[in-house]
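Undergrad: Structure file run.pdb (PDB, C-alpha atoms and all ligand atoms) right here:
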```
MODEL        1
ATOM      1  CA  MET A1179      -1.276  -2.932  42.914
ATOM      2  CA  SER A1180      -2.214   0.469  41.561
ATOM      3  CA  ILE A1181      -2.043   1.488  37.914
ATOM      4  CA  ASN A1182       0.848   3.744  38.845
ATOM      5  CA  GLU A1183       2.812   0.867  40.381
ATOM      6  CA  ASN A1184       1.945  -1.471  37.528
ATOM      7  CA  TYR A1185       3.005   1.042  34.892
ATOM      8  CA  ASN A1186       6.337   1.762  36.510
ATOM      9  CA  ASN A1187       6.901  -1.915  37.125
ATOM     10  CA  ILE A1188       6.337  -2.802  33.473
ATOM     11  CA  LEU A1189       8.459   0.148  32.367
ATOM     12  CA  SER A1190      11.408  -1.141  34.355
ATOM     13  CA  LEU A1191      10.895  -4.658  32.987
ATOM     14  CA  VAL A1192      10.930  -3.166  29.489
ATOM     15  CA  GLN A1193      14.165  -1.322  30.273
ATOM     16  CA  ASN A1194      15.735  -4.494  31.691
ATOM     17  CA  ALA A1195      14.723  -6.457  28.612
ATOM     18  CA  GLU A1196      16.316  -3.756  26.421
ATOM     19  CA  LYS A1197      19.520  -4.059  28.419
ATOM     20  CA  ASN A1198      19.529  -7.865  28.335
ATOM     21  CA  ALA A1199      19.099  -7.789  24.571
ATOM     22  CA  ASN A1200      21.986  -5.300  24.237
ATOM     23  CA  ARG A1201      19.628  -2.739  22.838
ATOM     24  CA  SER A1202      19.949   0.953  23.517
ATOM     25  CA  LYS A1203      17.896   2.668  26.186
ATOM     26  CA  ASP A1204      14.527   3.912  24.948
ATOM     27  CA  SER A1205      14.651   1.776  21.811
ATOM     28  CA  VAL A1206      11.344   0.225  22.895
ATOM     29  CA  ARG A1207       8.219   2.287  23.518
ATOM     30  CA  LEU A1208       5.629   1.128  26.017
ATOM     31  CA  MET A1209       2.026   1.474  24.894
ATOM     32  CA  ALA A1210      -0.729   1.307  27.513
ATOM     33  CA  VAL A1211      -3.653  -0.578  25.965
ATOM     34  CA  SER A1212      -6.672   0.999  27.601
ATOM     35  CA  LYS A1213      -9.578  -0.819  25.927
ATOM     36  CA  PHE A1214     -12.429  -1.537  28.343
ATOM     37  CA  HIS A1215     -10.895   0.821  30.912
ATOM     38  CA  SER A1216     -12.339   4.130  32.009
ATOM     39  CA  THR A1217     -11.164   7.683  31.438
ATOM     40  CA  GLU A1218     -10.290   7.854  35.144
ATOM     41  CA  GLU A1219      -8.045   4.804  34.854
ATOM     42  CA  ILE A1220      -6.407   6.272  31.755
ATOM     43  CA  GLU A1221      -5.737   9.509  33.662
ATOM     44  CA  GLU A1222      -4.056   7.465  36.388
ATOM     45  CA  ALA A1223      -1.773   5.959  33.756
ATOM     46  CA  ILE A1224      -1.019   9.428  32.356
ATOM     47  CA  LYS A1225      -0.048  10.595  35.819
ATOM     48  CA  ALA A1226       2.230   7.561  36.103
ATOM     49  CA  GLY A1227       3.991   8.726  32.934
ATOM     50  CA  ALA A1228       2.159   6.951  30.114
ATOM     51  CA  LYS A1229       2.052   8.936  26.880
ATOM     52  CA  LEU A1230       1.110   6.321  24.322
ATOM     53  CA  PHE A1231      -2.255   4.558  24.359
ATOM     54  CA  GLY A1232      -3.932   1.891  22.265
ATOM     55  CA  GLU A1233      -7.615   1.191  21.696
ATOM     56  CA  ASN A1234      -9.230  -1.456  19.542
ATOM     57  CA  ARG A1235     -12.767  -0.192  19.020
ATOM     58  CA  VAL A1236     -13.575   3.128  17.385
ATOM     59  CA  GLN A1237     -16.808   3.748  19.277
ATOM     60  CA  GLU A1238     -15.129   3.299  22.623
ATOM     61  CA  ALA A1239     -12.085   5.369  21.662
ATOM     62  CA  GLU A1240     -14.395   8.167  20.505
ATOM     63  CA  LYS A1241     -15.999   8.365  23.914
ATOM     64  CA  LYS A1242     -12.720   8.642  25.782
ATOM     65  CA  PHE A1243      -9.927  10.097  23.708
ATOM     66  CA  PRO A1244     -10.928  13.361  22.013
ATOM     67  CA  SER A1245     -11.343  15.028  25.409
ATOM     68  CA  LEU A1246      -8.258  13.319  26.876
ATOM     69  CA  VAL A1247      -6.109  14.476  23.964
ATOM     70  CA  GLU A1248      -7.421  17.989  24.454
ATOM     71  CA  LYS A1249      -6.645  17.924  28.166
ATOM     72  CA  TYR A1250      -3.256  16.197  27.773
ATOM     73  CA  PRO A1251      -1.927  17.322  24.367
ATOM     74  CA  PHE A1252       1.268  15.280  24.812
ATOM     75  CA  ILE A1253      -0.529  11.925  24.681
ATOM     76  CA  GLU A1254      -0.902   9.858  21.559
ATOM     77  CA  LEU A1255      -3.566   7.320  20.599
ATOM     78  CA  HIS A1256      -2.989   4.415  18.236
ATOM     79  CA  MET A1257      -5.778   2.291  16.796
ATOM     80  CA  ILE A1258      -4.821  -1.371  17.214
ATOM     81  CA  GLY A1259      -8.053  -3.266  16.521
ATOM     82  CA  SER A1260      -9.637  -4.444  13.306
ATOM     83  CA  LEU A1261     -11.182  -1.474  11.601
ATOM     84  CA  GLN A1262     -14.325  -1.253   9.492
ATOM     85  CA  ARG A1263     -14.181   1.002   6.499
ATOM     86  CA  ASN A1264     -17.094   3.174   7.635
ATOM     87  CA  LYS A1265     -15.337   3.939  10.954
ATOM     88  CA  VAL A1266     -12.175   5.321   9.387
ATOM     89  CA  LYS A1267     -13.631   8.812   9.092
ATOM     90  CA  ASN A1268     -14.111   8.994  12.854
ATOM     91  CA  ILE A1269     -10.826   7.522  14.033
ATOM     92  CA  VAL A1270      -8.503   9.563  11.804
ATOM     93  CA  LYS A1271      -9.698  12.737  13.538
ATOM     94  CA  PHE A1272      -7.944  11.963  16.811
ATOM     95  CA  ALA A1273      -5.638   8.963  16.382
ATOM     96  CA  SER A1274      -2.028   9.576  15.390
ATOM     97  CA  CYS A1275      -1.465   6.088  14.023
ATOM     98  CA  ILE A1276      -3.488   3.134  12.766
ATOM     99  CA  GLN A1277      -1.559  -0.050  13.470
ATOM    100  CA  SER A1278      -4.193  -2.507  12.295
ATOM    101  CA  VAL A1279      -4.032  -1.836   8.569
ATOM    102  CA  ASP A1280      -4.757  -5.204   6.994
ATOM    103  CA  ARG A1281      -6.147  -4.570   3.511
ATOM    104  CA  ILE A1282      -5.813  -2.291   0.493
ATOM    105  CA  GLU A1283      -9.379  -1.029   0.790
ATOM    106  CA  LEU A1284      -8.583   0.360   4.228
ATOM    107  CA  ILE A1285      -5.493   2.186   2.960
ATOM    108  CA  GLU A1286      -7.604   3.844   0.265
ATOM    109  CA  GLU A1287     -10.214   4.916   2.779
ATOM    110  CA  ILE A1288      -7.612   6.283   5.223
ATOM    111  CA  GLU A1289      -6.069   8.323   2.412
ATOM    112  CA  LYS A1290      -9.482   9.628   1.347
ATOM    113  CA  GLN A1291     -10.570  10.654   4.843
ATOM    114  CA  CYS A1292      -7.225  12.211   5.771
ATOM    115  CA  ALA A1293      -7.169  14.185   2.521
ATOM    116  CA  LYS A1294     -10.580  15.629   3.472
ATOM    117  CA  ILE A1295      -9.307  16.978   6.781
ATOM    118  CA  ASP A1296      -5.821  17.741   5.469
ATOM    119  CA  LYS A1297      -4.101  15.474   7.988
ATOM    120  CA  LYS A1298      -1.167  13.143   7.643
ATOM    121  CA  ILE A1299      -1.457   9.940   9.625
ATOM    122  CA  LYS A1300       1.004   7.188  10.474
ATOM    123  CA  ILE A1301       0.071   3.617   9.714
ATOM    124  CA  MET A1302       1.518   0.190  10.390
ATOM    125  CA  PHE A1303       0.846  -2.908   8.362
ATOM    126  CA  GLU A1304      -0.568  -5.776  10.377
ATOM    127  CA  PHE A1305       0.843  -9.136   9.364
ATOM    128  CA  HIS A1306      -0.804 -12.432  10.186
ATOM    129  CA  THR A1307       1.963 -14.485  11.783
ATOM    130  CA  GLY A1308       0.102 -17.242  13.520
ATOM    131  CA  GLU A1309      -2.652 -16.111  15.850
ATOM    132  CA  GLU A1310      -6.026 -17.794  15.660
ATOM    133  CA  SER A1311      -7.935 -14.779  14.420
ATOM    134  CA  LYS A1312      -7.749 -13.772  10.803
ATOM    135  CA  ALA A1313      -6.407 -10.285  11.430
ATOM    136  CA  GLY A1314      -3.607  -8.983   9.279
ATOM    137  CA  PHE A1315      -2.376  -9.423   5.726
ATOM    138  CA  LEU A1316      -2.320 -13.183   5.240
ATOM    139  CA  SER A1317       0.665 -13.516   2.934
ATOM    140  CA  PHE A1318       3.964 -11.740   2.364
ATOM    141  CA  GLU A1319       2.912 -10.824  -1.191
ATOM    142  CA  GLU A1320      -0.283  -9.175   0.043
ATOM    143  CA  LEU A1321       1.634  -7.341   2.733
ATOM    144  CA  LYS A1322       4.004  -6.001   0.103
ATOM    145  CA  GLU A1323       1.095  -4.905  -2.088
ATOM    146  CA  GLY A1324      -0.228  -2.985   0.898
ATOM    147  CA  VAL A1325       3.070  -1.175   1.386
ATOM    148  CA  LYS A1326       3.180  -0.350  -2.308
ATOM    149  CA  LYS A1327      -0.333   1.065  -2.170
ATOM    150  CA  ALA A1328       0.602   3.295   0.762
ATOM    151  CA  THR A1329       3.471   4.813  -1.233
ATOM    152  CA  GLU A1330       0.815   6.253  -3.557
ATOM    153  CA  CYS A1331      -0.981   8.004  -0.685
ATOM    154  CA  PRO A1332       0.287  11.486   0.192
ATOM    155  CA  HIS A1333      -1.569  11.623   3.534
ATOM    156  CA  ILE A1334      -0.190   8.325   4.804
ATOM    157  CA  ILE A1335       3.132   7.845   6.561
ATOM    158  CA  PRO A1336       3.946   4.145   6.639
ATOM    159  CA  CYS A1337       6.017   3.655   9.788
ATOM    160  CA  GLY A1338       6.289  -0.088  10.323
ATOM    161  CA  PHE A1339       4.650  -3.411  11.046
ATOM    162  CA  MET A1340       2.464  -4.959  13.709
ATOM    163  CA  THR A1341       1.541  -8.487  14.704
ATOM    164  CA  MET A1342      -0.138 -10.506  17.419
ATOM    165  CA  ALA A1343       1.538 -13.727  18.485
ATOM    166  CA  PRO A1344      -0.679 -16.752  19.118
ATOM    167  CA  PHE A1345      -2.218 -17.133  22.564
ATOM    168  CA  THR A1346      -0.184 -20.082  23.767
ATOM    169  CA  ASP A1347       2.368 -21.099  26.382
ATOM    170  CA  ASP A1348       4.557 -22.504  23.633
ATOM    171  CA  LYS A1349       7.469 -20.051  23.561
ATOM    172  CA  ASP A1350       8.798 -21.418  20.283
ATOM    173  CA  LEU A1351       5.526 -20.649  18.532
ATOM    174  CA  ILE A1352       5.525 -17.120  19.932
ATOM    175  CA  ILE A1353       9.141 -16.534  18.922
ATOM    176  CA  SER A1354       8.533 -17.846  15.435
ATOM    177  CA  SER A1355       5.626 -15.441  15.069
ATOM    178  CA  PHE A1356       7.824 -12.465  16.068
ATOM    179  CA  ARG A1357      10.566 -13.631  13.694
ATOM    180  CA  LYS A1358       8.111 -13.869  10.821
ATOM    181  CA  LEU A1359       7.224 -10.222  11.326
ATOM    182  CA  LYS A1360      10.841  -9.147  11.586
ATOM    183  CA  ASP A1361      11.918 -11.118   8.501
ATOM    184  CA  ALA A1362       9.049  -9.731   6.450
ATOM    185  CA  ALA A1363       9.887  -6.205   7.615
ATOM    186  CA  GLU A1364      13.570  -6.594   6.726
ATOM    187  CA  LYS A1365      12.746  -7.812   3.226
ATOM    188  CA  ILE A1366      10.264  -5.033   2.595
ATOM    189  CA  LYS A1367      12.640  -2.387   3.909
ATOM    190  CA  LEU A1368      15.192  -3.428   1.285
ATOM    191  CA  GLU A1369      12.673  -2.833  -1.465
ATOM    192  CA  PHE A1370      11.169   0.340  -0.058
ATOM    193  CA  SER A1371      14.306   1.923   1.353
ATOM    194  CA  ASN A1372      12.889   5.440   1.082
ATOM    195  CA  LEU A1373      10.089   4.695   3.571
ATOM    196  CA  PRO A1374      10.493   5.266   7.333
ATOM    197  CA  LEU A1375       9.541   1.680   8.190
ATOM    198  CA  THR A1376      11.225   1.625  11.579
ATOM    199  CA  GLU A1377       8.550   0.249  13.910
ATOM    200  CA  LEU A1378       7.982  -3.364  14.888
ATOM    201  CA  SER A1379       4.909  -3.349  17.116
ATOM    202  CA  MET A1380       4.910  -6.721  18.838
ATOM    203  CA  GLY A1381       4.599  -8.067  22.365
ATOM    204  CA  MET A1382       1.719  -7.903  24.871
ATOM    205  CA  SER A1383       1.352  -8.509  28.632
ATOM    206  CA  GLY A1384       2.336 -12.167  28.375
ATOM    207  CA  ASP A1385       5.175 -11.972  25.886
ATOM    208  CA  PHE A1386       6.647  -8.474  25.751
ATOM    209  CA  GLU A1387      10.053  -9.511  27.100
ATOM    210  CA  LEU A1388      10.398 -12.157  24.392
ATOM    211  CA  ALA A1389       9.289  -9.607  21.815
ATOM    212  CA  ILE A1390      11.964  -7.137  22.916
ATOM    213  CA  LYS A1391      14.589  -9.844  22.583
ATOM    214  CA  GLU A1392      13.320 -10.412  19.043
ATOM    215  CA  GLY A1393      13.552  -6.757  18.055
ATOM    216  CA  SER A1394      10.240  -5.150  19.023
ATOM    217  CA  THR A1395      10.267  -1.351  19.064
ATOM    218  CA  MET A1396       6.818  -1.016  20.642
ATOM    219  CA  VAL A1397       5.114  -3.282  23.143
ATOM    220  CA  ARG A1398       1.335  -3.084  23.658
ATOM    221  CA  VAL A1399       0.510  -3.843  27.272
ATOM    222  CA  GLY A1400      -3.030  -3.831  28.664
ATOM    223  CA  THR A1401      -3.739  -6.319  31.440
ATOM    224  CA  ALA A1402      -0.374  -5.974  33.167
ATOM    225  CA  ILE A1403      -0.958  -2.214  33.555
ATOM    226  CA  PHE A1404      -4.717  -1.843  34.063
ATOM    227  CA  GLY A1405      -5.622  -5.277  35.411
ATOM    228  CA  GLN A1406      -8.141  -7.738  34.023
ATOM    229  CA  ARG A1407     -10.685  -6.356  31.572
ATOM    230  CA  GLN A1408     -14.413  -6.563  32.412
ATOM    231  CA  TYR A1409     -16.059  -7.395  29.099
TER     232      TYR A1409
HETATM  233  C1  LIG A1501      -5.863  -6.085  23.845
HETATM  234  C2  LIG A1501      -4.689  -5.987  22.959
HETATM  235  C3  LIG A1501      -3.377  -5.893  23.487
HETATM  236  C4  LIG A1501      -3.075  -5.960  24.979
HETATM  237  O1  LIG A1501      -3.265  -7.251  25.479
HETATM  238  P1  LIG A1501      -2.867  -7.623  26.996
HETATM  239  O2  LIG A1501      -2.672  -9.103  26.939
HETATM  240  O3  LIG A1501      -3.989  -7.209  27.860
HETATM  241  O4  LIG A1501      -1.594  -6.920  27.315
HETATM  242  C5  LIG A1501      -2.339  -5.746  22.592
HETATM  243  N1  LIG A1501      -2.545  -5.704  21.254
HETATM  244  C6  LIG A1501      -3.770  -5.779  20.709
HETATM  245  C7  LIG A1501      -3.919  -5.709  19.235
HETATM  246  C8  LIG A1501      -4.881  -5.925  21.545
HETATM  247  O5  LIG A1501      -6.107  -6.009  20.994
ENDMDL
END
```
Would you encode the structure as structure tokens?
TA:
Amino acid sequence: MSINENYNNILSLVQNAEKNANRSKDSVRLMAVSKFHSTEEIEEAIKAGAKLFGENRVQEAEKKFPSLVEKYPFIELHMIGSLQRNKVKNIVKFASCIQSVDRIELIEEIEKQCAKIDKKIKIMFEFHTGEESKAGFLSFEELKEGVKKATECPHIIPCGFMTMAPFTDDKDLIISSFRKLKDAAEKIKLEFSNLPLTELSMGMSGDFELAIKEGSTMVRVGTAIFGQRQY
């Protein structure tokens, strides 16, 4: 199957899942996760209609995206991988959102670097809801502290929350991970009602339909669009 066929296939599965969950059309955005895939493959996805991309390593994103964004100004890149402080300066230049914000120190650095270039950037707060890796704020209290910190940063637009479900076939575990994110988001939205915290970024190739049922507003799909990654 070509990238074009894969993309359109996944898009219609996303739309079906929206319908089955009684959610309105276009309430879920499809992100094409292009890590480990070439500029040519990304251009194929753009031609298939993809507008939103995700990368998880700054160095790789830097090689591919500044020129792609110049050539296709309507596309958007989100950073979705764990981010070192010293790489923030580079990524804020061409990403429109950093979804993998998992500590206060990172929020401070994003604010500092965006202030320098006079840019406002969207962020999401990554919450650890059960996957094996240690990514994300580990507790609800820490997550809330992160949101509070972001309210003090004029160059940061906090737009929602992100998580990765555990890699397992156990559907109940996956669902409970998505629910943890949604519950945390609902609680925080009550306290920070002035913030535009509308996004729930959850669901990947193996679990995006479940995620949509559980309220995801953005699914991050790599393998099912581009095929297996060659590490
Ligand atoms: C790689 C990655 C994805 C996409 O995973 P697939 O299983 O290939 O769809 C989604 N989210 C994050 C944070 C990733 O690193």
Undergrad: Please build the interface table for chain A against ligand LIG 1501 (chain A) with a cut-off of 8 Å, listing for each qualifying residue the nearest atom pair and the distance in Å to one decimal; count only C-alpha atoms and all ligand atoms, order rows by chain and increasing number, and write it as JSON lines.
TA:
```
{"residue": "A:Val1211", "atom": "CA", "partner": "A:LIG1501", "partner_atom": "C4", "distance": 5.5}
{"residue": "A:Lys1213", "atom": "CA", "partner": "A:LIG1501", "partner_atom": "C1", "distance": 6.8}
{"residue": "A:Gly1232", "atom": "CA", "partner": "A:LIG1501", "partner_atom": "N1", "distance": 7.8}
{"residue": "A:Glu1233", "atom": "CA", "partner": "A:LIG1501", "partner_atom": "O5", "distance": 7.4}
{"residue": "A:Asn1234", "atom": "CA", "partner": "A:LIG1501", "partner_atom": "O5", "distance": 5.7}
{"residue": "A:Ile1258", "atom": "CA", "partner": "A:LIG1501", "partner_atom": "C7", "distance": 4.9}
{"residue": "A:Gly1259", "atom": "CA", "partner": "A:LIG1501", "partner_atom": "C7", "distance": 5.5}
{"residue": "A:Ser1278", "atom": "CA", "partner": "A:LIG1501", "partner_atom": "C7", "distance": 7.6}
{"residue": "A:Thr1341", "atom": "CA", "partner": "A:LIG1501", "partner_atom": "C7", "distance": 7.6}
{"residue": "A:Met1342", "atom": "CA", "partner": "A:LIG1501", "partner_atom": "C7", "distance": 6.4}
{"residue": "A:Met1380", "atom": "CA", "partner": "A:LIG1501", "partner_atom": "N1", "distance": 7.9}
{"residue": "A:Gly1381", "atom": "CA", "partner": "A:LIG1501", "partner_atom": "C5", "distance": 7.3}
{"residue": "A:Met1382", "atom": "CA", "partner": "A:LIG1501", "partner_atom": "O4", "distance": 4.2}
{"residue": "A:Ser1383", "atom": "CA", "partner": "A:LIG1501", "partner_atom": "O4", "distance": 3.6}
{"residue": "A:Gly1384", "atom": "CA", "partner": "A:LIG1501", "partner_atom": "O2", "distance": 6.0}
{"residue": "A:Val1397", "atom": "CA", "partner": "A:LIG1501", "partner_atom": "C5", "distance": 7.9}
{"residue": "A:Arg1398", "atom": "CA", "partner": "A:LIG1501", "partner_atom": "C5", "distance": 4.7}
{"residue": "A:Val1399", "atom": "CA", "partner": "A:LIG1501", "partner_atom": "O4", "distance": 3.7}
{"residue": "A:Gly1400", "atom": "CA", "partner": "A:LIG1501", "partner_atom": "O3", "distance": 3.6}
{"residue": "A:Thr1401", "atom": "CA", "partner": "A:LIG1501", "partner_atom": "O3", "distance": 3.7}
{"residue": "A:Ala1402", "atom": "CA", "partner": "A:LIG1501", "partner_atom": "O4", "distance": 6.1}
{"residue": "A:Ile1403", "atom": "CA", "partner": "A:LIG1501", "partner_atom": "O4", "distance": 7.8}
{"residue": "A:Gly1405", "atom": "CA", "partner": "A:LIG1501", "partner_atom": "O3", "distance": 8.0}
{"residue": "A:Gln1406", "atom": "CA", "partner": "A:LIG1501", "partner_atom": "O3", "distance": 7.4}
{"residue": "A:Arg1407", "atom": "CA", "partner": "A:LIG1501", "partner_atom": "O3", "distance": 7.7}
```
Undergrad: Distance CA of Met1340 in chain A-CA of Leu1378 in chain A, one decimal place?
TA: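 Separating CA of Met1340 in chain A from CA of Leu1378 in chain A is a distance of 5.9 Å.
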Undergrad: Choose the residue, out of A:Glu1387, A:Asp1347, A:Glu1221, A:Glu1330, that has the smallest atom-to-atom separation from Leu1373 in chain A; count all atoms listed in the file.
TA: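 Using all atoms listed in the file, Leu1373 in chain A sits closest to A:Glu1330.
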Undergrad: Set the distance at 8 Å and use all atoms listed in the file: which residues neighbour range 1337-1339 of chain A once local chain neighbours fewer than 6 positions away are removed? I'd like the list as an MDAnalysis selection string.
TA: chainID A and resid 1277 1300:1305 1359 1363 1373:1379
Undergrad: Convert the output of the PyMOL selection byres (((chain A and resi 1228) around 9) and not hetatm) on the shown file into explicit residues, formatted as a PyMOL selection string.
TA: chain A and resi 1185+1208-1210+1220+1222-1227+1229-1231+1253
Undergrad: Please evaluate the PyMOL selection byres (((chain A and resi 1316-1328) around 7) and not hetatm) against the displayed coordinates and give the resulting residues as a ChimeraX atom specification.
TA: /A:1281-1282,1285,1305-1306,1314-1315,1329-1331,1334,1336,1362,1366
Undergrad: Translate the PyMOL selection byres (((chain A and resi 1238-1251) around 8) and not hetatm), as applied to the file shown, into an explicit residue set as an mmCIF file with C-alpha atoms, keeping the file's coordinate frame.
TA:
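Below is the file selection-v2.cif, written as the result:
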```
data_model
loop_
_atom_site.group_PDB
_atom_site.id
_atom_site.type_symbol
_atom_site.label_atom_id
_atom_site.label_comp_id
_atom_site.auth_asym_id
_atom_site.auth_seq_id
_atom_site.Cartn_x
_atom_site.Cartn_y
_atom_site.Cartn_z
ATOM 1 C CA LYS A 1213 -9.578 -0.819 25.927
ATOM 2 C CA PHE A 1214 -12.429 -1.537 28.343
ATOM 3 C CA SER A 1216 -12.339 4.130 32.009
ATOM 4 C CA THR A 1217 -11.164 7.683 31.438
ATOM 5 C CA GLU A 1233 -7.615 1.191 21.696
ATOM 6 C CA ASN A 1234 -9.230 -1.456 19.542
ATOM 7 C CA ARG A 1235 -12.767 -0.192 19.020
ATOM 8 C CA VAL A 1236 -13.575 3.128 17.385
ATOM 9 C CA GLN A 1237 -16.808 3.748 19.277
ATOM 10 C CA PHE A 1252 1.268 15.280 24.812
ATOM 11 C CA ILE A 1253 -0.529 11.925 24.681
ATOM 12 C CA GLU A 1254 -0.902 9.858 21.559
ATOM 13 C CA LEU A 1255 -3.566 7.320 20.599
ATOM 14 C CA ASN A 1268 -14.111 8.994 12.854
ATOM 15 C CA ILE A 1269 -10.826 7.522 14.033
ATOM 16 C CA PHE A 1272 -7.944 11.963 16.811
#
```
Undergrad: In Å, with one decimal, what is the gap from CA of Thr1307 in chain A to CA of Lys1365 in chain A?
TA: 15.3 Å
